[in-house]
$ cat start.txt   # compact mmCIF, C-alpha atoms
# COMPACT_ATOMS: atom_id res chain seq x y z
CA MET A 22 21.68 45.57 -2.96
CA SER A 23 19.80 46.50 0.21
CA MET A 24 17.59 44.02 2.07
CA ALA A 25 14.52 46.05 1.18
CA ALA A 26 15.32 45.92 -2.50
CA ALA A 27 15.95 42.20 -2.26
CA ARG A 28 12.56 41.64 -0.61
CA ILE A 29 10.86 43.59 -3.40
CA LEU A 30 12.49 41.36 -6.03
CA ILE A 31 11.61 38.20 -4.11
CA PHE A 32 7.99 39.08 -3.58
CA ARG A 33 7.49 40.71 -6.93
CA PRO A 34 8.81 38.18 -9.46
CA TRP A 35 7.43 40.20 -12.36
CA LEU A 36 9.93 42.95 -11.49
CA LEU A 37 12.77 40.45 -11.50
CA ALA A 38 11.59 39.16 -14.88
CA LEU A 39 11.42 42.71 -16.21
CA LEU A 40 14.98 43.44 -15.10
CA ALA A 41 16.17 40.20 -16.65
CA ALA A 42 14.42 41.09 -19.92
CA LEU A 43 15.96 44.55 -19.90
CA LEU A 44 19.42 43.10 -19.29
CA SER A 45 18.94 40.61 -22.12
CA ALA A 46 17.81 43.40 -24.43
CA VAL A 47 20.87 45.48 -23.57
CA LEU A 48 23.20 42.54 -24.22
CA LEU A 49 21.40 41.74 -27.47
CA LEU A 50 21.64 45.35 -28.65
CA ALA A 51 25.31 45.49 -27.77
CA GLY A 52 25.97 42.30 -29.71
CA SER A 53 23.91 43.53 -32.66
CA PHE A 54 25.76 46.83 -32.70
CA GLY A 55 29.11 45.04 -32.73
CA LEU A 56 27.90 42.87 -35.61
CA VAL A 57 26.69 45.91 -37.55
CA VAL A 58 30.02 47.68 -37.06
CA HIS A 59 31.91 44.57 -38.17
CA GLN A 60 29.70 44.19 -41.25
CA ALA A 61 30.04 47.89 -42.12
CA ARG A 62 33.81 47.64 -41.88
CA GLN A 63 33.81 44.51 -44.02
CA ASP A 64 31.63 46.21 -46.64
CA GLU A 65 33.94 49.22 -46.64
CA ARG A 66 36.96 46.96 -47.04
CA GLU A 67 35.36 45.17 -50.00
CA GLN A 68 34.36 48.46 -51.63
CA MET A 69 37.84 49.93 -51.24
CA ASN A 70 39.40 46.72 -52.52
CA ALA A 71 37.18 46.79 -55.61
CA GLN A 72 38.13 50.40 -56.31
CA GLY A 73 41.78 49.55 -55.82
CA GLU A 74 41.61 46.67 -58.27
CA ARG A 75 39.90 48.84 -60.89
CA PHE A 76 42.52 51.53 -60.40
CA LEU A 77 45.41 49.08 -60.75
CA VAL A 78 43.99 47.63 -63.97
CA ARG A 79 43.50 51.10 -65.47
CA LEU A 80 46.92 52.29 -64.29
CA GLU A 81 48.64 49.37 -65.99
CA GLN A 82 46.64 49.98 -69.18
CA MET A 83 47.68 53.63 -69.16
CA PHE A 84 51.33 52.98 -68.39
CA GLY A 85 51.41 50.27 -71.04
CA GLN A 86 50.19 52.63 -73.76
CA LEU A 87 52.48 55.44 -72.60
CA ARG A 88 55.48 53.13 -72.76
CA GLU A 89 54.50 51.92 -76.23
CA GLY A 90 54.18 55.50 -77.46
CA LEU A 91 57.59 56.39 -76.04
CA ASP A 92 59.20 53.32 -77.57
CA GLN A 93 57.75 54.27 -80.96
CA LEU A 94 59.12 57.81 -80.69
CA GLU A 95 62.52 56.73 -79.42
CA ALA A 96 62.96 54.19 -82.21
CA GLN A 97 62.57 56.69 -85.07
CA PRO A 98 65.53 58.88 -86.20
CA LEU A 99 64.03 62.40 -86.00
CA ARG A 100 65.51 64.60 -83.29
CA SER A 101 64.33 68.11 -84.09
CA CYS A 102 61.02 69.95 -84.15
CA SER A 103 60.45 69.70 -87.86
CA PRO A 104 57.02 69.40 -89.51
CA GLN A 105 57.71 65.66 -89.75
CA MET A 106 58.31 65.48 -85.99
CA LEU A 107 55.09 67.35 -85.25
CA GLU A 108 53.15 64.97 -87.46
CA LEU A 109 54.73 61.98 -85.71
CA LEU A 110 53.83 63.38 -82.30
CA ARG A 111 50.24 63.88 -83.41
CA GLN A 112 50.08 60.33 -84.77
CA VAL A 113 51.20 58.92 -81.44
CA SER A 114 48.70 61.05 -79.49
CA VAL A 115 45.76 59.86 -81.61
CA SER A 116 46.88 56.22 -81.97
CA TYR A 117 46.65 55.43 -78.26
CA ARG A 118 43.51 55.98 -76.25
CA PHE A 119 45.35 56.98 -73.07
CA VAL A 120 47.98 59.25 -74.65
CA TYR A 121 46.73 62.81 -74.25
CA GLU A 122 49.89 64.59 -75.38
CA ALA A 123 53.23 63.61 -76.94
CA SER A 124 56.20 65.96 -76.80
CA TYR A 125 59.81 66.35 -77.86
CA VAL A 126 61.92 68.27 -75.35
CA GLY A 127 65.39 67.98 -76.89
CA GLY A 128 67.24 71.09 -78.06
CA SER A 129 66.26 74.67 -77.39
CA SER A 130 62.79 74.57 -78.99
CA PRO A 131 60.55 71.83 -77.57
CA CYS A 132 57.37 70.95 -79.41
CA SER A 133 54.16 69.13 -78.67
CA SER A 134 51.33 67.33 -80.38
CA ARG A 135 49.12 70.11 -78.98
CA GLU A 136 49.43 73.83 -79.56
CA ARG A 137 49.93 74.61 -75.90
CA GLN A 138 53.06 73.30 -74.19
CA ASN A 139 52.02 73.20 -70.55
CA LEU A 140 52.98 69.56 -70.23
CA VAL A 141 56.16 69.54 -72.28
CA ASP A 142 58.74 69.76 -69.51
CA PRO A 143 57.85 69.22 -65.83
CA PRO A 144 59.54 71.73 -63.49
CA ARG A 145 60.69 68.99 -61.08
CA ALA A 146 62.68 65.80 -61.11
CA PRO A 147 60.85 62.54 -61.92
CA ASP A 148 59.00 60.90 -59.05
CA ILE A 149 60.36 57.53 -60.21
CA ARG A 150 63.52 57.26 -62.27
CA GLY A 151 63.74 53.83 -63.82
CA PRO A 152 66.35 52.20 -66.07
CA THR A 153 64.34 53.01 -69.19
CA TYR A 154 61.45 55.32 -68.26
CA ASP A 155 60.99 58.28 -65.94
CA TYR A 156 57.63 58.79 -64.23
CA TRP A 157 55.93 62.02 -63.15
CA LEU A 158 52.89 60.96 -61.17
CA ASN A 159 50.87 64.04 -60.49
CA THR A 160 49.91 67.65 -60.93
CA SER A 161 46.70 67.21 -58.92
CA ALA A 162 46.49 70.85 -57.83
CA GLN A 163 45.29 71.60 -61.35
CA PRO A 164 41.48 71.74 -61.61
CA ASP A 165 41.68 70.67 -65.25
CA ASP A 166 41.70 66.86 -65.48
CA ASN A 167 43.72 67.05 -68.70
CA LEU A 168 46.45 69.17 -67.11
CA ALA A 169 46.57 67.01 -63.98
CA ALA A 170 48.40 64.24 -65.74
CA LEU A 171 50.58 61.21 -65.36
CA MET A 172 53.65 61.57 -67.54
CA LEU A 173 56.34 59.21 -68.75
CA GLY A 174 59.64 60.16 -70.31
CA ARG A 175 62.30 58.37 -72.28
CA GLY A 176 65.30 60.21 -73.67
CA ASP A 177 64.08 63.48 -75.18
CA PHE A 178 60.43 62.43 -75.43
CA ARG A 179 57.49 62.80 -73.07
CA VAL A 180 53.99 61.37 -73.25
CA SER A 181 51.19 62.13 -70.82
CA THR A 182 47.71 60.94 -69.99
CA SER A 183 44.86 62.94 -68.48
CA ARG A 184 43.68 62.46 -64.90
CA GLY A 185 40.18 61.97 -66.25
CA HIS A 186 41.14 58.43 -67.29
CA LEU A 187 41.57 57.63 -63.60
CA THR A 188 38.61 59.51 -62.16
CA ASP A 189 36.21 57.46 -64.28
CA VAL A 190 37.22 54.25 -62.47
CA VAL A 191 37.76 55.55 -58.90
CA ASP A 192 34.89 57.32 -57.15
CA LEU A 193 36.54 59.17 -54.27
CA PRO A 194 34.45 60.74 -51.50
CA ALA A 195 34.99 64.33 -50.48
CA ASP A 196 38.52 64.87 -49.11
CA GLY A 197 39.51 61.34 -50.11
CA SER A 198 42.85 60.71 -51.81
CA LEU A 199 44.58 58.05 -53.84
CA LEU A 200 48.30 58.12 -53.08
CA VAL A 201 51.37 56.57 -54.66
CA VAL A 202 53.83 55.79 -51.86
CA LEU A 203 57.52 55.86 -52.76
CA ASP A 204 60.97 55.51 -51.19
CA ASN A 205 60.03 52.58 -48.98
CA GLY A 206 57.08 54.43 -47.48
CA ALA A 207 58.86 57.73 -46.88
CA ARG A 208 57.00 59.78 -49.50
CA ALA A 209 53.36 59.86 -50.67
CA ILE A 210 52.20 61.67 -53.82
CA PRO A 211 48.46 62.21 -54.38
CA VAL A 212 47.42 61.00 -57.83
CA LEU A 213 43.79 61.83 -57.10
CA GLY A 214 42.46 64.11 -54.40
CA PRO A 215 44.27 66.47 -52.03
CA ALA A 216 47.63 65.89 -50.37
CA GLN A 217 47.42 64.07 -47.04
CA ALA A 218 49.59 64.22 -43.92
CA TRP A 219 52.19 61.50 -44.23
CA PRO A 220 52.72 59.09 -42.61
CA PRO A 221 49.02 58.72 -41.79
CA THR A 222 49.68 57.14 -38.38
CA PRO A 223 52.70 57.46 -36.05
CA ASP A 224 53.43 53.72 -36.28
CA TRP A 225 52.97 53.42 -40.06
CA SER A 226 55.21 50.76 -41.59
CA PRO A 227 55.50 49.92 -45.30
CA ASP A 228 56.10 46.27 -44.41
CA THR A 229 52.93 45.56 -42.46
CA VAL A 230 50.51 43.03 -43.94
CA GLN A 231 47.47 44.87 -42.57
CA THR A 232 45.46 46.20 -45.50
CA LEU A 233 42.88 48.35 -43.67
CA VAL A 234 43.87 50.78 -40.91
CA THR A 235 41.25 52.83 -39.09
CA THR A 236 41.74 56.05 -37.15
CA PRO A 237 39.11 58.26 -35.47
CA THR A 238 38.80 60.29 -38.69
CA GLN A 239 40.08 58.13 -41.57
CA LEU A 240 40.02 54.77 -43.28
CA ILE A 241 43.41 53.95 -44.79
CA TYR A 242 43.49 51.13 -47.31
CA ARG A 243 46.77 49.75 -48.60
CA MET A 244 46.45 48.22 -52.09
CA PRO A 245 48.65 45.25 -52.95
CA THR A 246 50.92 45.79 -55.95
CA GLN A 247 53.50 43.68 -57.74
CA SER A 248 55.97 46.55 -58.00
CA PRO A 249 58.80 46.94 -55.46
CA GLU A 250 59.06 50.64 -56.40
CA TYR A 251 55.74 51.86 -55.07
CA GLN A 252 52.65 51.13 -53.02
CA LEU A 253 49.15 52.48 -53.47
CA VAL A 254 47.12 53.82 -50.55
CA LEU A 255 43.49 54.95 -50.60
CA ILE A 256 42.45 57.31 -47.78
CA THR A 257 38.82 58.23 -47.09
$ encode --input "start.txt" --output "structure tokens"
Amino acid sequence: MSMAAARILIFRPWLLALLAALLSAVLLLAGSFGLVVHQARQDEREQMNAQGERFLVRLEQMFGQLREGLDQLEAQPLRSCSPQMLELLRQVSVSYRFVYEASYVGGSSPCSSRERQNLVDPPRAPDIRGPTYDYWLNTSAQPDDNLAALMLGRGDFRVSTSRGHLTDVVDLPADGSLLVVLDNGARAIPVLGPAQAWPPTPDWSPDTVQTLVTTPTQLIYRMPTQSPEYQLVLIT
């Protein structure tokens, strides 16, 4: 500061007071902005956590009913597409709220509880192959929520649920996605929303305990699960 400027401040204390007030205001605004950003991030974390919990509850309800329907089909002796088999498939599809379609895919003539057979036999290997059940997690490119299904298989039977049973509990923003992450973090399948670049960050690790990761363009929320086979990630 020059001597002239110093003399002005000394002999004009009101100017010094004004500068001090302006500096205090700037510091206060900076602190307030940091607090607002922190609170907004905390609110976003809580909102994403709530959506994740609702999704996990619904997913377990759906998988539970799909497994029960498969167990019922597997336990009975019919193994051909007879009128009795068609009636049994229809009974399973109407007995469980989350079973949209039940199918038999054994033999050369598969059949379904519905007239169409779009969901009878997926054209790809299961996303998860378990000791008892196989899981197909997504056909999200389909605009029809009923065709974009989660499917379980056991033996020669398949049961599927519509994507609409998930969209009514998870409200995704535009371009947001709900992903099932498999193979120890190597693969991510969108259950809702569009496919996303994976991994979402160069240093992504499936073992990190950090639940919310922020980038310049995305919020990435990792949902805790009890399953060692998959993780759930919500990207907005």
$ closest_residue --input "start.txt" --among "A:Thr182, A:Gln239, A:Ser134, A:Gln63" --to "A:Pro194" --atoms "only C-alpha atoms"
A:Gln239
$ atom_distance --input "start.txt" --atom1 "atom CA of A:Leu99" --atom2 "atom CA of A:Tyr125"
10.0 Å
$ atom_distance --input "start.txt" --atom1 "atom CA of A:Leu203" --atom2 "atom CA of A:Leu233"
18.8 Å
$ atom_distance --input "start.txt" --atom1 "atom CA of A:Ile241" --atom2 "atom CA of A:Thr257"
6.7 Å
$ closest_residue --input "start.txt" --among "A:Glu95, A:Asp228, A:Glu122, A:Glu67" --to "A:Tyr154" --atoms "only C-alpha atoms"
A:Glu95
$ residues_around --input "start.txt" --residues "A:Gln112" --least-positions-apart "2" --cutoff "12 Å" --atoms "only C-alpha atoms" --output "PDB file with C-alpha atoms, in the frame of the given file"
ATOM      1  CA  GLY A  90      54.180  55.500 -77.460  1.00  0.00           C
ATOM      2  CA  GLN A  93      57.750  54.270 -80.960  1.00  0.00           C
ATOM      3  CA  LEU A  94      59.120  57.810 -80.690  1.00  0.00           C
ATOM      4  CA  GLN A 105      57.710  65.660 -89.750  1.00  0.00           C
ATOM      5  CA  MET A 106      58.310  65.480 -85.990  1.00  0.00           C
ATOM      6  CA  LEU A 107      55.090  67.350 -85.250  1.00  0.00           C
ATOM      7  CA  GLU A 108      53.150  64.970 -87.460  1.00  0.00           C
ATOM      8  CA  LEU A 109      54.730  61.980 -85.710  1.00  0.00           C
ATOM      9  CA  LEU A 110      53.830  63.380 -82.300  1.00  0.00           C
ATOM     10  CA  SER A 114      48.700  61.050 -79.490  1.00  0.00           C
ATOM     11  CA  VAL A 115      45.760  59.860 -81.610  1.00  0.00           C
ATOM     12  CA  SER A 116      46.880  56.220 -81.970  1.00  0.00           C
ATOM     13  CA  TYR A 117      46.650  55.430 -78.260  1.00  0.00           C
ATOM     14  CA  ARG A 118      43.510  55.980 -76.250  1.00  0.00           C
ATOM     15  CA  VAL A 120      47.980  59.250 -74.650  1.00  0.00           C
ATOM     16  CA  TYR A 121      46.730  62.810 -74.250  1.00  0.00           C
ATOM     17  CA  GLU A 122      49.890  64.590 -75.380  1.00  0.00           C
ATOM     18  CA  ALA A 123      53.230  63.610 -76.940  1.00  0.00           C
ATOM     19  CA  SER A 124      56.200  65.960 -76.800  1.00  0.00           C
ATOM     20  CA  SER A 133      54.160  69.130 -78.670  1.00  0.00           C
ATOM     21  CA  SER A 134      51.330  67.330 -80.380  1.00  0.00           C
ATOM     22  CA  ARG A 135      49.120  70.110 -78.980  1.00  0.00           C
TER      23      ARG A 135
END
$ decode --input "start.txt" --residues "stretch 236-248 of chain A" --atoms "all heavy atoms" --output "mmCIF file, in the first residue's frame"
data_model
loop_
_atom_site.group_PDB
_atom_site.id
_atom_site.type_symbol
_atom_site.label_atom_id
_atom_site.label_comp_id
_atom_site.auth_asym_id
_atom_site.auth_seq_id
_atom_site.Cartn_x
_atom_site.Cartn_y
_atom_site.Cartn_z
ATOM 1 N N THR A 236 -18.527 -35.867 -9.477
ATOM 2 C CA THR A 236 -17.669 -35.450 -10.581
ATOM 3 C C THR A 236 -18.233 -34.127 -11.097
ATOM 4 O O THR A 236 -19.304 -33.699 -10.655
ATOM 5 C CB THR A 236 -17.659 -36.504 -11.708
ATOM 6 O OG1 THR A 236 -18.912 -36.449 -12.415
ATOM 7 C CG2 THR A 236 -17.449 -37.910 -11.155
ATOM 8 N N PRO A 237 -17.555 -33.464 -12.025
ATOM 9 C CA PRO A 237 -18.105 -32.199 -12.542
ATOM 10 C C PRO A 237 -19.485 -32.339 -13.158
ATOM 11 O O PRO A 237 -20.216 -31.350 -13.265
ATOM 12 C CB PRO A 237 -17.063 -31.775 -13.580
ATOM 13 C CG PRO A 237 -15.787 -32.383 -13.110
ATOM 14 C CD PRO A 237 -16.171 -33.703 -12.514
ATOM 15 N N THR A 238 -19.886 -33.535 -13.589
ATOM 16 C CA THR A 238 -21.163 -33.688 -14.285
ATOM 17 C C THR A 238 -22.096 -34.702 -13.651
ATOM 18 O O THR A 238 -23.242 -34.815 -14.082
ATOM 19 C CB THR A 238 -20.920 -34.122 -15.747
ATOM 20 O OG1 THR A 238 -20.185 -35.360 -15.749
ATOM 21 C CG2 THR A 238 -20.132 -33.061 -16.496
ATOM 22 N N GLN A 239 -21.652 -35.451 -12.632
ATOM 23 C CA GLN A 239 -22.476 -36.542 -12.110
ATOM 24 C C GLN A 239 -22.384 -36.653 -10.595
ATOM 25 O O GLN A 239 -21.382 -36.271 -9.988
ATOM 26 C CB GLN A 239 -22.043 -37.887 -12.718
ATOM 27 C CG GLN A 239 -22.351 -38.059 -14.188
ATOM 28 C CD GLN A 239 -21.881 -39.404 -14.696
ATOM 29 O OE1 GLN A 239 -20.858 -39.929 -14.259
ATOM 30 N NE2 GLN A 239 -22.627 -39.991 -15.616
ATOM 31 N N LEU A 240 -23.462 -37.193 -10.026
ATOM 32 C CA LEU A 240 -23.448 -37.703 -8.659
ATOM 33 C C LEU A 240 -23.576 -39.215 -8.758
ATOM 34 O O LEU A 240 -24.480 -39.726 -9.417
ATOM 35 C CB LEU A 240 -24.603 -37.122 -7.842
ATOM 36 C CG LEU A 240 -24.524 -35.639 -7.487
ATOM 37 C CD1 LEU A 240 -25.814 -35.204 -6.811
ATOM 38 C CD2 LEU A 240 -23.342 -35.361 -6.570
ATOM 39 N N ILE A 241 -22.677 -39.926 -8.101
ATOM 40 C CA ILE A 241 -22.634 -41.383 -8.182
ATOM 41 C C ILE A 241 -22.811 -41.934 -6.775
ATOM 42 O O ILE A 241 -21.964 -41.713 -5.906
ATOM 43 C CB ILE A 241 -21.299 -41.860 -8.787
ATOM 44 C CG1 ILE A 241 -21.050 -41.174 -10.134
ATOM 45 C CG2 ILE A 241 -21.278 -43.372 -8.931
ATOM 46 C CD1 ILE A 241 -19.614 -41.193 -10.564
ATOM 47 N N TYR A 242 -23.921 -42.611 -6.562
ATOM 48 C CA TYR A 242 -24.257 -43.104 -5.228
ATOM 49 C C TYR A 242 -24.212 -44.624 -5.218
ATOM 50 O O TYR A 242 -24.904 -45.290 -5.978
ATOM 51 C CB TYR A 242 -25.639 -42.609 -4.807
ATOM 52 C CG TYR A 242 -26.047 -43.100 -3.440
ATOM 53 C CD1 TYR A 242 -25.394 -42.636 -2.302
ATOM 54 C CD2 TYR A 242 -27.069 -44.024 -3.281
ATOM 55 C CE1 TYR A 242 -25.757 -43.082 -1.047
ATOM 56 C CE2 TYR A 242 -27.436 -44.473 -2.027
ATOM 57 C CZ TYR A 242 -26.781 -44.000 -0.908
ATOM 58 O OH TYR A 242 -27.131 -44.447 0.330
ATOM 59 N N ARG A 243 -23.398 -45.165 -4.344
ATOM 60 C CA ARG A 243 -23.254 -46.602 -4.196
ATOM 61 C C ARG A 243 -24.186 -47.071 -3.070
ATOM 62 O O ARG A 243 -24.086 -46.619 -1.929
ATOM 63 C CB ARG A 243 -21.803 -46.935 -3.859
ATOM 64 C CG ARG A 243 -21.478 -48.405 -3.800
ATOM 65 C CD ARG A 243 -20.155 -48.605 -3.077
ATOM 66 N NE ARG A 243 -19.146 -47.665 -3.497
ATOM 67 C CZ ARG A 243 -18.200 -47.945 -4.402
ATOM 68 N NH1 ARG A 243 -18.162 -49.117 -4.961
ATOM 69 N NH2 ARG A 243 -17.308 -47.032 -4.713
ATOM 70 N N MET A 244 -25.099 -47.979 -3.386
ATOM 71 C CA MET A 244 -26.058 -48.466 -2.400
ATOM 72 C C MET A 244 -25.522 -49.712 -1.711
ATOM 73 O O MET A 244 -25.056 -50.639 -2.374
ATOM 74 C CB MET A 244 -27.384 -48.831 -3.069
ATOM 75 C CG MET A 244 -28.014 -47.703 -3.822
ATOM 76 S SD MET A 244 -29.563 -48.233 -4.576
ATOM 77 C CE MET A 244 -29.701 -47.015 -5.861
ATOM 78 N N PRO A 245 -25.568 -49.750 -0.403
ATOM 79 C CA PRO A 245 -25.106 -50.949 0.306
ATOM 80 C C PRO A 245 -26.063 -52.113 0.081
ATOM 81 O O PRO A 245 -27.273 -51.958 0.095
ATOM 82 C CB PRO A 245 -25.104 -50.506 1.774
ATOM 83 C CG PRO A 245 -26.118 -49.397 1.839
ATOM 84 C CD PRO A 245 -26.046 -48.702 0.510
ATOM 85 N N THR A 246 -25.519 -53.291 -0.170
ATOM 86 C CA THR A 246 -26.315 -54.504 -0.309
ATOM 87 C C THR A 246 -25.700 -55.597 0.544
ATOM 88 O O THR A 246 -24.536 -55.524 0.947
ATOM 89 C CB THR A 246 -26.387 -54.993 -1.764
ATOM 90 O OG1 THR A 246 -25.101 -55.522 -2.134
ATOM 91 C CG2 THR A 246 -26.763 -53.881 -2.717
ATOM 92 N N GLN A 247 -26.494 -56.623 0.805
ATOM 93 C CA GLN A 247 -26.016 -57.768 1.568
ATOM 94 C C GLN A 247 -25.502 -58.876 0.658
ATOM 95 O O GLN A 247 -25.062 -59.920 1.144
ATOM 96 C CB GLN A 247 -27.157 -58.312 2.443
ATOM 97 C CG GLN A 247 -27.720 -57.301 3.433
ATOM 98 C CD GLN A 247 -26.667 -56.800 4.402
ATOM 99 O OE1 GLN A 247 -25.854 -57.566 4.900
ATOM 100 N NE2 GLN A 247 -26.659 -55.496 4.665
ATOM 101 N N SER A 248 -25.578 -58.684 -0.640
ATOM 102 C CA SER A 248 -25.199 -59.732 -1.577
ATOM 103 C C SER A 248 -23.751 -59.562 -2.015
ATOM 104 O O SER A 248 -23.345 -58.461 -2.412
ATOM 105 C CB SER A 248 -26.108 -59.709 -2.817
ATOM 106 O OG SER A 248 -25.626 -60.632 -3.780
#
